[in-house]
Amino acid sequence: MIIKSGNAVLAFNDKGGLTSFSDREYDGFNPFKICVQGEGEGQFSEFTSANGYLSQTFDYLGAEEIDDYTSLCYQSPSLGLEVRVFVQPIADTGVFRIYSSLKNIGEKSVEINRFSSVFLTGFGGGITKKAPDITVHYFESCWQAEARYVKKSVKELGLTLASTHAMAKAFTILSQGAYTTGKYMPSMLVEGDGGIRFVFAECDGGWRIQLGHAASSIEHNAGWFIESDAISASDIGSALLLGAGESFTSPTVLAGFVEGGMDEAMEAITLARRVVYNGAVAPLMFNDYMNCIWCNVNEKITEKLAKKAASVGVEGYCIDSGWYKMDGGETFGVLGDWAPDDDRFGEGGVKGTVETIRSLGLVPGLWTELEVCSEGAAAYSFPDEYFILSNGKRVGDQTRVFFDFRNPAVCDYIEKCVRRIYDMGVRYIKNDFNAALRWITDAEAIRENQRAVIAFYARIRALFPDLYIENCGSGGLRSEYGMLKNFCVQSTSDQEIYYLYPPIVQGMLANILPEHAGVWAYPYPHLFDVRNDPSALDAEAERQADGRQTVFNMVSGIAGNLYLSGRIDRADEFNTMLISEGISLFKSLREFKANATPVYPNGFSDISDLGEFTTLGMISRDKKKLVLYFWRFEAESNEFKVPVGKWMKGDASVKRIYPAESNVSARVEGESVVISAGEDFSAAIFEVDFN
């Protein structure tokens, strides 16, 4: 049996074994891995899934078509388990949508120590003494340095033959707990053998993606494998006790193959995401937190900033933390009640300020952190069954404990909070998650709660279809589509230093849709460490005078889904014009960007070693138009070469489209665009047309 999507091919033999993933034929492996407590798991199976052979004992019962998926069914009567692997081609993108289900068809409970969404093998060649020419691309992540691109060969990863036995090692990336992208992004791309294979996983808690070789010996006709796991006791502390008749369904994985390299893979996965995750796109919002008023909010400063935001073309205004009871808390205050603190907002209270925002033609928004509760909140007095517990104690500390969304009463309570906000006239919520639900004694509680949280947000989306909701996890620490599929925009970072943002934009656009990637632009920043010093704003105004920092900020924001902050009320006429011009361009590019895909002509920049410059492109489907984002860092050179030959079929032309007036220019020279930029931290946007 063969399942195809574009040039991607999954070939199965008559025993249900996957024999080829867009490559020659290998010995077949069932396309899942499973470990069961009390059953043999194979030597070193905690290091590499290749050595866990229990899945190979399952009998293949055949395939059938179910709801546009091909469902492959496997059973083990002795274990009392049935596995189904569901595969759906996503048009001709070269991408498949895959997930697996596990059912206990026996009479006794079974403890599952590992279960995969998919185990893809059948590519890359047999095991050899010399490491093959295979490159692995993946993305590390941490707070304010999200989606940091890494590229290594399998040799650099230590994946080489060291004996006459099987390779006793694999390369693993993972995240534990509810910060699903707190350590790595759930994606891996494996380049070699004529193309690039990849997996991008949805998450519902901890996850694991692993690359290794499936051969049991040097003579074994097996290839490399990529596995995506949702259950892994050894790596993410998650096991599953499956009672008689009970079922478990894994998160979905987008997996595929394209000929070419990273740009071609980005085109395939971006187009596939638009099929699977297409939905509402957020309005262009101003948010008053980042490098702005830092929760020091009242009706006067809100009206002042909102008027300036409306004048430059912003579409909405979000009051961040501080609109509810703060109780002396400088940053987040009392979380969990979500009742307005009208004393801070004059005669009209918070609702009056919301109406002021609406009267300016802006979508009114408020910040929340709906999944947590602090000690000062009235909700903190709720019974313990309202909260996640570990050994009878609430998980967290005085600033945040975690609601247990498995409890229907919790969902009803939080829904009432959202409805109260909605009834105030709010139509945008920036929902944050600033403390991770960590690995606890009952690790499966994290997964169960995360699934309940995801279901709750789907419920809110259905109840309030005209309410825009942003997903934020201390920036981008929960930025994958298991969660994001219920939101209209994803915060990409809390990065406060403007010139460090381009590498984050690059990495994030490889992992989420450009139209979902919320990117801060904060001209006239009031920086966090001087937020209580009003005189710092005067010094900042002097630094902003030439407009370079404003342009750099705007270029970063326009590359994703722009949202604006900073003390723009302090902007002079020149910088105000630059902000307004950038917003106009952003709006004009929306339709183009919604159909274009990201490309990386100069590769990825690293936040710890920026280099002299970097670029990011958005290319049209017909490859005739490239919107090119350029940032210069600290550099000795004044000219920077951007290779575009792969898209040239004849002549090409280039023009700057932002800002209108600039010392940054570009010309076509051979198969490159050469950009001239004489000052550090310059930036611009160009349009390259291929005739």
# chains A, B, ... in the order shown; residues from 1 in each chain; ligands from 1
call {"tool": "residues_around", "arguments": {"residues": "A:Thr70", "least_positions_apart": "4", "cutoff": "7 Å", "atoms": "only C-alpha atoms", "output": "list in words"}}
result
Ala63, Glu64, Glu65, Ile66, Phe86, Val87 and Gln88 of chain A
call {"tool": "write_last_selection", "arguments": {"atoms": "N, CA, C and O atoms", "output": "PDB file, in the first residue's frame"}}
result
ATOM      1  N   ALA A  63      -6.134  -2.156   6.519  1.00  0.00           N
ATOM      2  CA  ALA A  63      -6.343  -0.706   6.477  1.00  0.00           C
ATOM      3  C   ALA A  63      -7.738  -0.411   5.954  1.00  0.00           C
ATOM      4  O   ALA A  63      -8.311  -1.177   5.178  1.00  0.00           O
ATOM      5  N   GLU A  64      -8.288   0.710   6.378  1.00  0.00           N
ATOM      6  CA  GLU A  64      -9.580   1.168   5.882  1.00  0.00           C
ATOM      7  C   GLU A  64      -9.585   2.686   5.856  1.00  0.00           C
ATOM      8  O   GLU A  64      -8.759   3.345   6.498  1.00  0.00           O
ATOM      9  N   GLU A  65     -10.507   3.254   5.085  1.00  0.00           N
ATOM     10  CA  GLU A  65     -10.634   4.701   4.986  1.00  0.00           C
ATOM     11  C   GLU A  65     -11.667   5.183   6.000  1.00  0.00           C
ATOM     12  O   GLU A  65     -12.809   4.724   6.000  1.00  0.00           O
ATOM     13  N   ILE A  66     -11.253   6.116   6.865  1.00  0.00           N
ATOM     14  CA  ILE A  66     -12.134   6.675   7.887  1.00  0.00           C
ATOM     15  C   ILE A  66     -11.967   8.191   7.883  1.00  0.00           C
ATOM     16  O   ILE A  66     -10.897   8.706   8.238  1.00  0.00           O
ATOM     17  N   PHE A  86      -3.404   6.647  11.962  1.00  0.00           N
ATOM     18  CA  PHE A  86      -4.223   7.382  11.005  1.00  0.00           C
ATOM     19  C   PHE A  86      -3.327   8.309  10.180  1.00  0.00           C
ATOM     20  O   PHE A  86      -2.565   9.108  10.740  1.00  0.00           O
ATOM     21  N   VAL A  87      -3.443   8.212   8.852  1.00  0.00           N
ATOM     22  CA  VAL A  87      -2.600   8.996   7.941  1.00  0.00           C
ATOM     23  C   VAL A  87      -3.496   9.718   6.950  1.00  0.00           C
ATOM     24  O   VAL A  87      -4.324   9.089   6.280  1.00  0.00           O
ATOM     25  N   GLN A  88      -3.310  11.036   6.846  1.00  0.00           N
ATOM     26  CA  GLN A  88      -4.089  11.835   5.901  1.00  0.00           C
ATOM     27  C   GLN A  88      -3.156  12.712   5.079  1.00  0.00           C
ATOM     28  O   GLN A  88      -2.468  13.571   5.625  1.00  0.00           O
TER      29      GLN A  88
END
call {"tool": "residues_around", "arguments": {"residues": "A:Lys169", "least_positions_apart": "5", "cutoff": "7 Å", "atoms": "only C-alpha atoms", "output": "CSV table (one decimal) with N, CA and C atoms, in the first residue's frame"}}
result
chain,number,residue,atom,x,y,z
A,47,PHE,N,17.5,4.5,25.5
A,47,PHE,CA,18.4,5.4,24.8
A,47,PHE,C,18.0,5.6,23.3
A,48,THR,N,17.4,4.5,22.8
A,48,THR,CA,16.9,4.6,21.4
A,48,THR,C,15.7,3.7,21.2
A,159,LEU,N,25.9,10.1,16.3
A,159,LEU,CA,25.1,9.0,15.8
A,159,LEU,C,25.9,8.2,14.8
call {"tool": "residues_around", "arguments": {"residues": "A:Leu284", "least_positions_apart": "2", "cutoff": "8 Å", "atoms": "only C-alpha atoms", "output": "PyMOL selection string"}}
result
chain A and resi 282+286+314-316+561-564
call {"tool": "write_last_selection", "arguments": {"atoms": "C-alpha atoms", "output": "short mmCIF file (atom, residue, chain, number, x, y, z; two decimals), in the first residue's frame"}}
result
data_model
loop_
_atom_site.label_atom_id
_atom_site.label_comp_id
_atom_site.auth_asym_id
_atom_site.auth_seq_id
_atom_site.Cartn_x
_atom_site.Cartn_y
_atom_site.Cartn_z
CA ALA A 282 -5.90 39.07 14.84
CA PHE A 286 -1.39 48.14 20.49
CA VAL A 314 -3.65 50.62 14.76
CA GLU A 315 -6.85 48.54 14.82
CA GLY A 316 -7.13 47.62 18.49
CA ASN A 561 1.81 39.71 12.69
CA LEU A 562 2.68 43.17 13.97
CA TYR A 563 1.64 44.33 17.37
CA LEU A 564 2.77 47.69 18.59
#
call {"tool": "residues_around", "arguments": {"residues": "A:Thr492", "least_positions_apart": "6", "cutoff": "8 Å", "atoms": "only C-alpha atoms", "output": "count of residues only"}}
result
11
call {"tool": "select_by_dssp", "arguments": {"residues": "stretch 272-483 of chain A", "states": "helix (DSSP H, G or I)", "output": "PyMOL selection string"}}
result
chain A and resi 272-277+289-293+299-311+342-345+349-359+378-381+384-386+408-423+443-463+481-483
call {"tool": "closest_atom_pairs", "arguments": {"of": "stretch 246-325 of chain A", "to": "stretch 428-451 of chain A", "cutoff": "12 Å", "atoms": "only C-alpha atoms", "output": "tab-separated table"}}
result
residue	atom	partner	partner_atom	distance
A:Phe248	CA	A:Glu448	CA	11.1
A:Thr249	CA	A:Arg451	CA	11.1
A:Ser250	CA	A:Arg451	CA	10.9
A:Pro251	CA	A:Arg451	CA	9.9
A:Val281	CA	A:Tyr428	CA	11.7
A:Ala282	CA	A:Tyr428	CA	8.7
A:Pro283	CA	A:Tyr428	CA	9.0
A:Leu284	CA	A:Tyr428	CA	11.0
A:Met285	CA	A:Tyr428	CA	9.1
A:Phe286	CA	A:Tyr428	CA	11.2
A:Asn287	CA	A:Lys430	CA	9.1
A:Asp288	CA	A:Lys430	CA	11.6
A:Tyr289	CA	A:Lys430	CA	11.2
A:Glu315	CA	A:Tyr428	CA	11.2
A:Gly316	CA	A:Tyr428	CA	8.2
A:Tyr317	CA	A:Tyr428	CA	8.6
A:Cys318	CA	A:Tyr428	CA	7.3
A:Ile319	CA	A:Lys430	CA	9.0
A:Asp320	CA	A:Lys430	CA	7.7
A:Ser321	CA	A:Lys430	CA	9.7
call {"tool": "atom_distance", "arguments": {"atom1": "atom CA of A:Leu578", "atom2": "atom CA of A:Val654"}}
result
21.1 Å
